[in-house]
$ cat coords.txt   # compact mmCIF, C-alpha atoms
# COMPACT_ATOMS: atom_id res chain seq x y z
CA MET F 20 23.17 77.20 125.64
CA GLU F 21 22.20 74.54 123.14
CA ASP F 22 24.31 74.69 120.04
CA PRO F 23 21.86 74.20 117.12
CA ALA F 24 24.32 71.94 115.33
CA SER F 25 24.57 69.57 118.28
CA ALA F 26 20.79 69.37 118.60
CA GLU F 27 20.65 68.00 115.07
CA GLU F 28 23.47 65.58 115.72
CA SER F 29 21.69 64.01 118.63
CA ALA F 30 18.41 63.35 116.85
CA PHE F 31 17.59 60.04 115.23
CA VAL F 32 17.90 60.46 111.46
CA ALA F 33 15.64 57.76 110.07
CA ASP F 34 16.76 58.09 106.43
CA ASP F 35 20.42 57.41 107.10
CA VAL F 36 19.41 54.39 109.12
CA SER F 37 17.14 53.13 106.31
CA ASN F 38 20.06 53.14 103.90
CA ILE F 39 22.31 51.39 106.36
CA ILE F 40 19.78 48.62 106.88
CA LYS F 41 19.14 48.17 103.14
CA GLU F 42 22.84 47.92 102.37
CA SER F 43 23.52 45.52 105.22
CA VAL F 44 20.71 43.14 104.30
CA ASP F 45 21.45 43.29 100.57
CA ALA F 46 25.07 42.44 101.14
CA VAL F 47 24.13 39.22 102.94
CA LEU F 48 20.95 38.01 101.26
CA GLN F 49 21.23 39.09 97.65
CA ASN F 50 20.60 36.20 95.25
CA GLN F 51 20.22 33.69 98.07
CA GLN F 52 17.56 31.02 98.38
CA TYR F 53 16.07 30.22 101.78
CA ASN F 54 18.32 27.63 103.34
CA GLU F 55 17.53 26.26 106.79
CA ALA F 56 21.16 25.59 107.59
CA LYS F 57 22.35 29.07 106.74
CA VAL F 58 19.58 31.23 108.20
CA SER F 59 21.15 31.74 111.60
CA GLN F 60 24.39 32.75 109.98
CA TRP F 61 22.55 35.20 107.72
CA THR F 62 20.65 36.85 110.55
CA SER F 63 23.86 37.21 112.54
CA SER F 64 25.70 38.74 109.59
CA CYS F 65 22.89 41.18 108.82
CA LEU F 66 22.83 42.29 112.44
CA GLU F 67 26.59 42.57 112.71
CA ASN F 68 26.79 44.67 109.54
CA CYS F 69 23.98 46.95 110.73
CA ILE F 70 25.46 47.48 114.16
CA ARG F 71 28.92 48.15 112.80
CA LYS F 72 27.64 50.82 110.42
CA LEU F 73 25.37 52.38 113.04
CA ALA F 74 28.26 52.59 115.48
CA GLY F 75 30.22 54.21 112.70
CA LEU F 76 27.76 57.11 112.66
CA ASN F 77 29.40 58.20 115.92
CA LYS F 78 26.23 59.53 117.48
CA PRO F 79 25.43 59.50 121.20
CA PHE F 80 22.90 56.70 120.69
CA LYS F 81 22.29 53.19 121.90
CA TYR F 82 20.86 50.86 119.25
CA VAL F 83 18.72 47.75 119.32
CA VAL F 84 18.42 45.90 116.02
CA THR F 85 16.12 42.96 115.38
CA CYS F 86 15.97 40.89 112.23
CA ILE F 87 13.44 38.23 111.28
CA ILE F 88 13.96 36.05 108.21
CA MET F 89 10.97 34.00 107.16
CA GLN F 90 10.56 31.48 104.39
CA LYS F 91 7.81 32.39 101.96
CA ASN F 92 5.14 29.78 101.92
CA GLY F 93 1.90 31.68 102.03
CA ALA F 94 1.81 32.16 105.77
CA GLY F 95 1.00 35.54 107.23
CA LEU F 96 3.17 37.52 109.61
CA HIS F 97 2.20 40.56 111.67
CA THR F 98 4.62 42.69 113.60
CA ALA F 99 4.01 45.51 116.06
CA ALA F 100 6.23 47.61 118.27
CA SER F 101 5.47 49.77 121.25
CA CYS F 102 8.05 52.09 122.79
CA TRP F 103 8.46 54.30 125.81
CA TRP F 104 11.04 56.92 124.90
CA ASP F 105 11.74 60.59 124.32
CA SER F 106 10.06 61.36 121.01
CA THR F 107 12.23 64.43 120.35
CA THR F 108 15.46 62.44 120.21
CA ASP F 109 14.61 58.76 119.74
CA GLY F 110 13.19 56.87 116.83
CA SER F 111 12.94 53.59 115.01
CA ARG F 112 13.00 52.41 111.42
CA THR F 113 11.77 49.14 109.92
CA VAL F 114 12.91 47.97 106.52
CA ARG F 115 11.29 45.11 104.66
CA TRP F 116 13.37 43.18 102.16
CA GLU F 117 12.19 40.27 100.07
CA ASN F 118 13.02 37.96 97.24
CA LYS F 119 11.23 34.94 95.75
CA SER F 120 11.98 32.51 98.55
CA MET F 121 12.10 34.56 101.75
CA LEU F 122 11.51 37.87 103.38
CA ALA F 123 13.57 39.76 105.93
CA ILE F 124 12.22 42.46 108.24
CA THR F 125 14.83 44.48 110.08
CA THR F 126 14.02 47.05 112.74
CA VAL F 127 16.41 49.52 114.34
CA PHE F 128 15.50 51.35 117.54
CA GLY F 129 17.76 54.32 118.29
CA LEU F 130 17.68 55.59 121.87
CA ALA F 131 19.57 58.73 122.79
CA MET F 132 21.90 58.80 125.75
CA MET V 21 25.79 70.22 149.70
CA ALA V 22 25.86 67.64 146.92
CA ASP V 23 24.51 64.22 147.75
CA ALA V 24 26.44 61.13 146.60
CA ALA V 25 23.26 59.94 144.88
CA ASP V 26 23.35 62.94 142.54
CA PHE V 27 26.43 61.53 140.87
CA ALA V 28 25.10 58.01 140.42
CA VAL V 29 25.52 56.94 136.82
CA GLU V 30 24.11 53.43 137.20
CA PRO V 31 20.78 52.37 138.57
CA ASP V 32 20.57 50.90 142.04
CA TYR V 33 20.41 47.06 141.99
CA LYS V 34 16.74 47.27 143.06
CA SER V 35 15.77 49.48 140.13
CA LYS V 36 17.57 47.58 137.39
CA PHE V 37 15.84 46.04 134.40
CA LYS V 38 15.35 42.44 135.49
CA PRO V 39 15.14 40.06 132.52
CA SER V 40 13.65 37.22 134.56
CA ARG V 41 10.82 39.41 135.85
CA VAL V 42 10.18 40.80 132.36
CA ARG V 43 10.05 37.27 130.94
CA GLU V 44 7.32 36.43 133.46
CA ILE V 45 5.38 39.54 132.46
CA ILE V 46 5.63 38.77 128.75
CA ALA V 47 4.62 35.12 129.26
CA ALA V 48 1.58 36.20 131.29
CA VAL V 49 0.46 38.72 128.66
CA LEU V 50 0.87 36.27 125.78
CA LYS V 51 -0.98 33.52 127.61
CA ALA V 52 -3.84 35.84 128.57
CA ARG V 53 -4.24 37.29 125.07
CA LEU V 54 -3.57 34.32 122.84
CA ALA V 55 -4.70 31.17 124.65
CA GLY V 56 -7.35 29.43 122.60
CA THR V 57 -7.12 31.77 119.60
CA THR V 58 -6.71 30.92 115.93
CA TYR V 59 -4.87 32.92 113.32
CA HIS V 60 -7.10 35.25 111.26
CA ALA V 61 -5.54 37.76 108.92
CA ASP V 62 -7.97 40.54 109.91
CA ASN V 63 -7.68 40.69 113.67
CA THR V 64 -4.11 39.48 114.18
CA SER V 65 -2.55 42.86 113.49
CA SER V 66 -4.65 44.51 116.16
CA TRP V 67 -3.70 41.71 118.55
CA ALA V 68 -0.03 42.36 117.89
CA ARG V 69 -0.46 46.07 118.61
CA GLU V 70 -2.47 45.45 121.76
CA ILE V 71 0.02 42.93 123.08
CA ALA V 72 2.92 45.34 122.48
CA ASP V 73 1.08 48.16 124.26
CA ASP V 74 0.08 45.87 127.11
CA ILE V 75 3.64 44.69 127.71
CA LYS V 76 4.94 48.25 127.56
CA GLN V 77 2.35 49.39 130.09
CA ARG V 78 3.31 46.61 132.48
CA LEU V 79 6.98 47.48 132.14
CA LYS V 80 6.17 51.06 133.05
CA ASP V 81 4.18 49.82 136.05
CA GLU V 82 7.27 48.03 137.37
CA GLY V 83 8.58 51.46 138.27
CA TRP V 84 12.18 51.20 137.10
CA THR V 85 13.14 54.85 136.83
CA ARG V 86 15.15 56.35 133.95
CA TYR V 87 14.58 53.35 131.69
CA LYS V 88 13.40 53.58 128.10
CA TYR V 89 11.57 50.55 126.69
CA ALA V 90 11.12 49.11 123.21
CA VAL V 91 8.76 46.16 122.82
CA GLN V 92 8.43 44.21 119.59
CA VAL V 93 5.84 41.55 118.88
CA PHE V 94 5.72 39.15 115.92
CA ILE V 95 2.68 36.98 115.28
CA GLY V 96 2.85 34.51 112.41
CA GLU V 97 0.69 31.77 110.99
CA GLN V 98 1.88 28.19 111.50
CA ARG V 99 2.24 26.63 108.09
CA GLY V 100 5.46 24.74 108.46
CA GLU V 101 7.61 27.57 107.15
CA GLY V 102 11.05 28.23 108.55
CA VAL V 103 11.52 31.38 110.64
CA ARG V 104 14.55 32.86 112.36
CA LEU V 105 14.50 35.90 114.60
CA ALA V 106 17.67 37.47 115.97
CA CYS V 107 18.50 40.70 117.75
CA ARG V 108 21.61 42.66 118.66
CA GLY V 109 21.99 45.52 121.06
CA PHE V 110 24.64 48.20 121.02
CA TRP V 111 24.35 49.28 124.64
CA ASP V 112 25.86 49.26 128.11
CA VAL V 113 25.71 45.71 129.50
CA LYS V 114 25.85 46.96 133.08
CA THR V 115 22.50 48.71 132.79
CA ASP V 116 20.65 47.50 129.69
CA SER V 117 19.11 44.17 128.88
CA TYR V 118 16.28 42.39 127.14
CA ALA V 119 13.86 39.51 127.59
CA ASN V 120 11.85 37.49 125.13
CA GLU V 121 9.19 34.80 125.21
CA ILE V 122 7.51 32.57 122.65
CA PHE V 123 3.93 31.37 122.58
CA GLN V 124 2.66 28.86 120.08
CA ASN V 125 -0.41 26.80 119.34
CA GLU V 126 -1.52 24.85 116.26
CA SER V 127 -2.46 27.87 114.17
CA LEU V 128 -0.06 30.63 115.20
CA PHE V 129 3.21 31.43 116.88
CA CYS V 130 4.04 34.64 118.70
CA VAL V 131 7.41 36.03 119.71
CA ALA V 132 7.59 39.06 121.97
CA ALA V 133 10.84 40.83 122.86
CA ALA V 134 11.19 43.67 125.36
CA PHE V 135 14.33 45.83 125.56
CA GLY V 136 15.20 48.11 128.46
CA VAL V 137 17.78 50.86 127.93
CA TYR V 138 18.97 53.14 130.72
CA LEU V 139 19.02 56.92 130.32
CA TYR V 140 22.02 58.37 132.15
$ encode --input "coords.txt" --output "C-alpha cells"
Amino acid sequence: MEDPASAEESAFVADDVSNIIKESVDAVLQNQQYNEAKVSQWTSSCLENCIRKLAGLNKPFKYVVTCIIMQKNGAGLHTAASCWWDSTTDGSRTVRWENKSMLAITTVFGLAM
Amino acid sequence: MADAADFAVEPDYKSKFKPSRVREIIAAVLKARLAGTTYHADNTSSWAREIADDIKQRLKDEGWTRYKYAVQVFIGEQRGEGVRLACRGFWDVKTDSYANEIFQNESLFCVAAAFGVYLY
C-alpha cells in the first residue's frame, strides 16, 4: 500500500541538492583568494552549511558530503566514485565551483534509510 | 514464533563496518595500483575509476550484510599546490563509519575514502 506521494519523498532529488551545494559553497568562498591558513576553516564551513541544509530537507536519508579545495597552479586532478546502493532511492551529486585562485569540488551521497 | 533476531536494528559486532580493516584494504589497493606510476593526464582518470571499483568490490567481499558503500577516489598531480579534503557524514554513529588512506609519490598523490552506511 505504497502512497505515491511518499515514494517521491523518499527518492533522492538531485536538483534540490545541487542548489544546496552551490549556495553553501558560494556563501563561504565567494570573492576569496586561496589562503593556506584559512582552507581548513573554509572546508569545514562549506560542509557544515551543506549538512545543515540537507538535514533541513527532512527526508529519511543519511548523507555523506565530501569537499576538496585545491589551489590552482596548473596541476591536474581526477576524481572517481563507486557506490553500492539501491539505485531506485539513492543518489549522489557533485558540484564544481571555481574562481581565479582555487577550485572546490563538493560531492553529496544520499542514502535512503 | 518471532525470533529475537528479527527485531535487531543494529548489526552484530562481527558484521559491523570496521574502519581499521577497510583502511588496510584501501592501502593495499592503492599500493598495488599506483606503486611506481607517474601522473599522465590521459590514463589517470581510468585509474581513479578502477581503484574506486576495486575498493568497492573488496568491501562487498568482506560480507558485511545490509551495508551500503560509497567510495571516492581523488588523484592529483604533485606540483606544490595546496589541497584540502574534508568530509562530513550525517548518519548513525553506532552503525556507520568511514576510512581513508593516502598514497603519494613524486608525481602524484591519491586520496581514497570509503563510507559504509547501514540499511535498517
$ closest_residue --input "coords.txt" --among "F:Leu48, F:Ala30, F:Val84, F:Val36" --to "chain V" --atoms "all atoms listed in the file"
F:Val84
$ closest_residue --input "coords.txt" --among "F:Ser120, F:Gly110, F:Ile88, F:Ala131" --to "Leu105 in chain V" --atoms "all atoms listed in the file"
F:Ile88
$ closest_atom_pairs --input "coords.txt" --of "chain V" --to "chain F" --cutoff "9 Å" --atoms "all atoms listed in the file" --output "Markdown table"
| residue | atom | partner | partner_atom | distance |
| --- | --- | --- | --- | --- |
| V:Tyr59 | CA | F:Gly95 | CA | 8.9 |
| V:Ala61 | CA | F:Gly95 | CA | 7.1 |
| V:Thr64 | CA | F:His97 | CA | 6.9 |
| V:Ser65 | CA | F:His97 | CA | 5.6 |
| V:Ser66 | CA | F:Ala99 | CA | 8.7 |
| V:Trp67 | CA | F:Ala99 | CA | 8.9 |
| V:Ala68 | CA | F:Ala99 | CA | 5.4 |
| V:Arg69 | CA | F:Ala99 | CA | 5.2 |
| V:Glu70 | CA | F:Ala99 | CA | 8.6 |
| V:Ile71 | CA | F:Ala99 | CA | 8.5 |
| V:Ala72 | CA | F:Ser101 | CA | 5.3 |
| V:Asp73 | CA | F:Ser101 | CA | 5.6 |
| V:Asp74 | CA | F:Ser101 | CA | 8.9 |
| V:Ile75 | CA | F:Ser101 | CA | 8.4 |
| V:Lys76 | CA | F:Ser101 | CA | 6.5 |
| V:Gln77 | CA | F:Trp103 | CA | 8.9 |
| V:Lys80 | CA | F:Trp103 | CA | 8.3 |
| V:Tyr87 | CA | F:Trp104 | CA | 8.4 |
| V:Lys88 | CA | F:Trp104 | CA | 5.2 |
| V:Tyr89 | CA | F:Trp103 | CA | 5.0 |
| V:Ala90 | CA | F:Cys102 | CA | 4.3 |
| V:Val91 | CA | F:Ser101 | CA | 5.1 |
| V:Gln92 | CA | F:Ala100 | CA | 4.3 |
| V:Val93 | CA | F:Ala99 | CA | 5.2 |
| V:Phe94 | CA | F:Thr98 | CA | 4.4 |
| V:Ile95 | CA | F:His97 | CA | 5.1 |
| V:Gly96 | CA | F:Leu96 | CA | 4.1 |
| V:Glu97 | CA | F:Gly95 | CA | 5.3 |
| V:Gln98 | CA | F:Ala94 | CA | 7.0 |
| V:Arg99 | CA | F:Ala94 | CA | 6.0 |
| V:Gly100 | CA | F:Asn92 | CA | 8.3 |
| V:Glu101 | CA | F:Gln90 | CA | 5.6 |
| V:Gly102 | CA | F:Gln90 | CA | 5.3 |
| V:Val103 | CA | F:Met89 | CA | 4.4 |
| V:Arg104 | CA | F:Ile88 | CA | 5.3 |
| V:Leu105 | CA | F:Ile87 | CA | 4.2 |
| V:Ala106 | CA | F:Cys86 | CA | 5.3 |
| V:Cys107 | CA | F:Thr85 | CA | 4.0 |
| V:Arg108 | CA | F:Val84 | CA | 5.3 |
| V:Gly109 | CA | F:Val83 | CA | 4.3 |
| V:Phe110 | CA | F:Tyr82 | CA | 4.9 |
| V:Trp111 | CA | F:Lys81 | CA | 5.2 |
| V:Asp112 | CA | F:Lys81 | CA | 8.2 |
| V:Phe135 | CA | F:Val83 | CA | 7.9 |
| V:Val137 | CA | F:Leu130 | CA | 7.7 |
| V:Tyr138 | CA | F:Met132 | CA | 8.1 |
| V:Leu139 | CA | F:Met132 | CA | 5.7 |
| V:Tyr140 | CA | F:Met132 | CA | 6.4 |
$ write_last_selection --input "coords.txt" --atoms "C-alpha atoms" --output "PDB file, keeping the file's coordinate frame"
ATOM      1  CA  TYR V  59      -4.870  32.920 113.320  1.00  0.00           C
ATOM      2  CA  ALA V  61      -5.540  37.760 108.920  1.00  0.00           C
ATOM      3  CA  THR V  64      -4.110  39.480 114.180  1.00  0.00           C
ATOM      4  CA  SER V  65      -2.550  42.860 113.490  1.00  0.00           C
ATOM      5  CA  SER V  66      -4.650  44.510 116.160  1.00  0.00           C
ATOM      6  CA  TRP V  67      -3.700  41.710 118.550  1.00  0.00           C
ATOM      7  CA  ALA V  68      -0.030  42.360 117.890  1.00  0.00           C
ATOM      8  CA  ARG V  69      -0.460  46.070 118.610  1.00  0.00           C
ATOM      9  CA  GLU V  70      -2.470  45.450 121.760  1.00  0.00           C
ATOM     10  CA  ILE V  71       0.020  42.930 123.080  1.00  0.00           C
ATOM     11  CA  ALA V  72       2.920  45.340 122.480  1.00  0.00           C
ATOM     12  CA  ASP V  73       1.080  48.160 124.260  1.00  0.00           C
ATOM     13  CA  ASP V  74       0.080  45.870 127.110  1.00  0.00           C
ATOM     14  CA  ILE V  75       3.640  44.690 127.710  1.00  0.00           C
ATOM     15  CA  LYS V  76       4.940  48.250 127.560  1.00  0.00           C
ATOM     16  CA  GLN V  77       2.350  49.390 130.090  1.00  0.00           C
ATOM     17  CA  LYS V  80       6.170  51.060 133.050  1.00  0.00           C
ATOM     18  CA  TYR V  87      14.580  53.350 131.690  1.00  0.00           C
ATOM     19  CA  LYS V  88      13.400  53.580 128.100  1.00  0.00           C
ATOM     20  CA  TYR V  89      11.570  50.550 126.690  1.00  0.00           C
ATOM     21  CA  ALA V  90      11.120  49.110 123.210  1.00  0.00           C
ATOM     22  CA  VAL V  91       8.760  46.160 122.820  1.00  0.00           C
ATOM     23  CA  GLN V  92       8.430  44.210 119.590  1.00  0.00           C
ATOM     24  CA  VAL V  93       5.840  41.550 118.880  1.00  0.00           C
ATOM     25  CA  PHE V  94       5.720  39.150 115.920  1.00  0.00           C
ATOM     26  CA  ILE V  95       2.680  36.980 115.280  1.00  0.00           C
ATOM     27  CA  GLY V  96       2.850  34.510 112.410  1.00  0.00           C
ATOM     28  CA  GLU V  97       0.690  31.770 110.990  1.00  0.00           C
ATOM     29  CA  GLN V  98       1.880  28.190 111.500  1.00  0.00           C
ATOM     30  CA  ARG V  99       2.240  26.630 108.090  1.00  0.00           C
ATOM     31  CA  GLY V 100       5.460  24.740 108.460  1.00  0.00           C
ATOM     32  CA  GLU V 101       7.610  27.570 107.150  1.00  0.00           C
ATOM     33  CA  GLY V 102      11.050  28.230 108.550  1.00  0.00           C
ATOM     34  CA  VAL V 103      11.520  31.380 110.640  1.00  0.00           C
ATOM     35  CA  ARG V 104      14.550  32.860 112.360  1.00  0.00           C
ATOM     36  CA  LEU V 105      14.500  35.900 114.600  1.00  0.00           C
ATOM     37  CA  ALA V 106      17.670  37.470 115.970  1.00  0.00           C
ATOM     38  CA  CYS V 107      18.500  40.700 117.750  1.00  0.00           C
ATOM     39  CA  ARG V 108      21.610  42.660 118.660  1.00  0.00           C
ATOM     40  CA  GLY V 109      21.990  45.520 121.060  1.00  0.00           C
ATOM     41  CA  PHE V 110      24.640  48.200 121.020  1.00  0.00           C
ATOM     42  CA  TRP V 111      24.350  49.280 124.640  1.00  0.00           C
ATOM     43  CA  ASP V 112      25.860  49.260 128.110  1.00  0.00           C
ATOM     44  CA  PHE V 135      14.330  45.830 125.560  1.00  0.00           C
ATOM     45  CA  VAL V 137      17.780  50.860 127.930  1.00  0.00           C
ATOM     46  CA  TYR V 138      18.970  53.140 130.720  1.00  0.00           C
ATOM     47  CA  LEU V 139      19.020  56.920 130.320  1.00  0.00           C
ATOM     48  CA  TYR V 140      22.020  58.370 132.150  1.00  0.00           C
TER      49      TYR V 140
END
$ closest_residue --input "coords.txt" --among "V:Asp32, V:Glu121, V:Asp116, V:Glu126" --to "Glu44 in chain V" --atoms "all atoms listed in the file"
V:Glu121
$ atom_distance --input "coords.txt" --atom1 "CA of Thr115 in chain V" --atom2 "CA of Arg86 in chain V"
10.7 Å
$ atom_distance --input "coords.txt" --atom1 "CA of Tyr118 in chain V" --atom2 "CA of Thr57 in chain V"
26.8 Å
$ residues_near_point --input "coords.txt" --point "(13.9, 48.4, 141.5)" --cutoff "12 Å" --atoms "only C-alpha atoms" --output "list in words"
Pro31, Asp32, Tyr33, Lys34, Ser35, Lys36, Phe37, Lys38, Arg41, Leu79, Lys80, Asp81, Glu82, Gly83, Trp84, Thr85, Arg86 and Tyr87 of chain V
$ closest_residue --input "coords.txt" --among "F:Arg115, F:Gln51, F:Leu76, F:Thr108" --to "Asp35 in chain F" --atoms "all atoms listed in the file"
F:Leu76
$ closest_residue --input "coords.txt" --among "F:Ser29, F:Ser37, F:Gln52, F:Ser43" --to "Asn118 in chain F" --atoms "only C-alpha atoms"
F:Gln52
$ axis_aligned_box --input "coords.txt" --around "range 45-56 of chain F" --padding-each-side "4 Å" --output "lines of an AutoDock Vina configuration file"
center_x = 20.6
center_y = 34.4
center_z = 101.4
size_x = 17.0
size_y = 25.7
size_z = 20.3
$ residues_around --input "coords.txt" --residues "Asn68 in chain F" --least-positions-apart "4" --cutoff "9 Å" --atoms "only C-alpha atoms" --output "PyMOL selection string"
chain F and resi 39-40+42-44+46-47+63-64+72-73
$ write_last_selection --input "coords.txt" --atoms "C-alpha atoms" --output "short mmCIF file (atom, residue, chain, number, x, y, z; two decimals), keeping the file's coordinate frame"
data_model
loop_
_atom_site.label_atom_id
_atom_site.label_comp_id
_atom_site.auth_asym_id
_atom_site.auth_seq_id
_atom_site.Cartn_x
_atom_site.Cartn_y
_atom_site.Cartn_z
CA ILE F 39 22.31 51.39 106.36
CA ILE F 40 19.78 48.62 106.88
CA GLU F 42 22.84 47.92 102.37
CA SER F 43 23.52 45.52 105.22
CA VAL F 44 20.71 43.14 104.30
CA ALA F 46 25.07 42.44 101.14
CA VAL F 47 24.13 39.22 102.94
CA SER F 63 23.86 37.21 112.54
CA SER F 64 25.70 38.74 109.59
CA LYS F 72 27.64 50.82 110.42
CA LEU F 73 25.37 52.38 113.04
#
$ build_atoms --input "coords.txt" --residues "range 120-136 of chain V" --atoms "N, CA and C atoms" --output "mmCIF file, in the frame of the given file"
data_model
loop_
_atom_site.group_PDB
_atom_site.id
_atom_site.type_symbol
_atom_site.label_atom_id
_atom_site.label_comp_id
_atom_site.auth_asym_id
_atom_site.auth_seq_id
_atom_site.Cartn_x
_atom_site.Cartn_y
_atom_site.Cartn_z
ATOM 1 N N ASN V 120 12.793 37.861 126.178
ATOM 2 C CA ASN V 120 11.850 37.490 125.130
ATOM 3 C C ASN V 120 11.153 36.187 125.498
ATOM 4 N N GLU V 121 9.974 36.003 124.935
ATOM 5 C CA GLU V 121 9.190 34.800 125.210
ATOM 6 C C GLU V 121 8.480 34.386 123.938
ATOM 7 N N ILE V 122 8.205 33.080 123.828
ATOM 8 C CA ILE V 122 7.510 32.570 122.650
ATOM 9 C C ILE V 122 6.224 31.895 123.103
ATOM 10 N N PHE V 123 5.180 32.070 122.321
ATOM 11 C CA PHE V 123 3.930 31.370 122.580
ATOM 12 C C PHE V 123 3.545 30.697 121.278
ATOM 13 N N GLN V 124 3.168 29.415 121.313
ATOM 14 C CA GLN V 124 2.660 28.860 120.080
ATOM 15 C C GLN V 124 1.500 27.905 120.325
ATOM 16 N N ASN V 125 0.619 27.831 119.332
ATOM 17 C CA ASN V 125 -0.410 26.800 119.340
ATOM 18 C C ASN V 125 -0.494 26.273 117.902
ATOM 19 N N GLU V 126 -1.536 25.511 117.568
ATOM 20 C CA GLU V 126 -1.520 24.850 116.260
ATOM 21 C C GLU V 126 -1.621 25.828 115.105
ATOM 22 N N SER V 127 -2.240 27.012 115.334
ATOM 23 C CA SER V 127 -2.460 27.870 114.170
ATOM 24 C C SER V 127 -1.528 29.071 114.114
ATOM 25 N N LEU V 128 -0.934 29.457 115.229
ATOM 26 C CA LEU V 128 -0.060 30.630 115.200
ATOM 27 C C LEU V 128 1.114 30.477 116.157
ATOM 28 N N PHE V 129 2.105 31.335 115.920
ATOM 29 C CA PHE V 129 3.210 31.430 116.880
ATOM 30 C C PHE V 129 3.389 32.909 117.164
ATOM 31 N N CYS V 130 3.848 33.231 118.347
ATOM 32 C CA CYS V 130 4.040 34.640 118.700
ATOM 33 C C CYS V 130 5.349 34.777 119.448
ATOM 34 N N VAL V 131 6.167 35.740 119.004
ATOM 35 C CA VAL V 131 7.410 36.030 119.710
ATOM 36 C C VAL V 131 7.332 37.473 120.183
ATOM 37 N N ALA V 132 7.597 37.694 121.452
ATOM 38 C CA ALA V 132 7.590 39.060 121.970
ATOM 39 C C ALA V 132 8.942 39.321 122.616
ATOM 40 N N ALA V 133 9.549 40.471 122.281
ATOM 41 C CA ALA V 133 10.840 40.830 122.860
ATOM 42 C C ALA V 133 10.714 42.212 123.474
ATOM 43 N N ALA V 134 11.234 42.377 124.689
ATOM 44 C CA ALA V 134 11.190 43.670 125.360
ATOM 45 C C ALA V 134 12.622 44.080 125.680
ATOM 46 N N PHE V 135 12.977 45.319 125.326
ATOM 47 C CA PHE V 135 14.330 45.830 125.560
ATOM 48 C C PHE V 135 14.262 46.979 126.537
ATOM 49 N N GLY V 136 15.165 47.005 127.511
ATOM 50 C CA GLY V 136 15.200 48.110 128.460
ATOM 51 C C GLY V 136 16.549 48.794 128.366
#
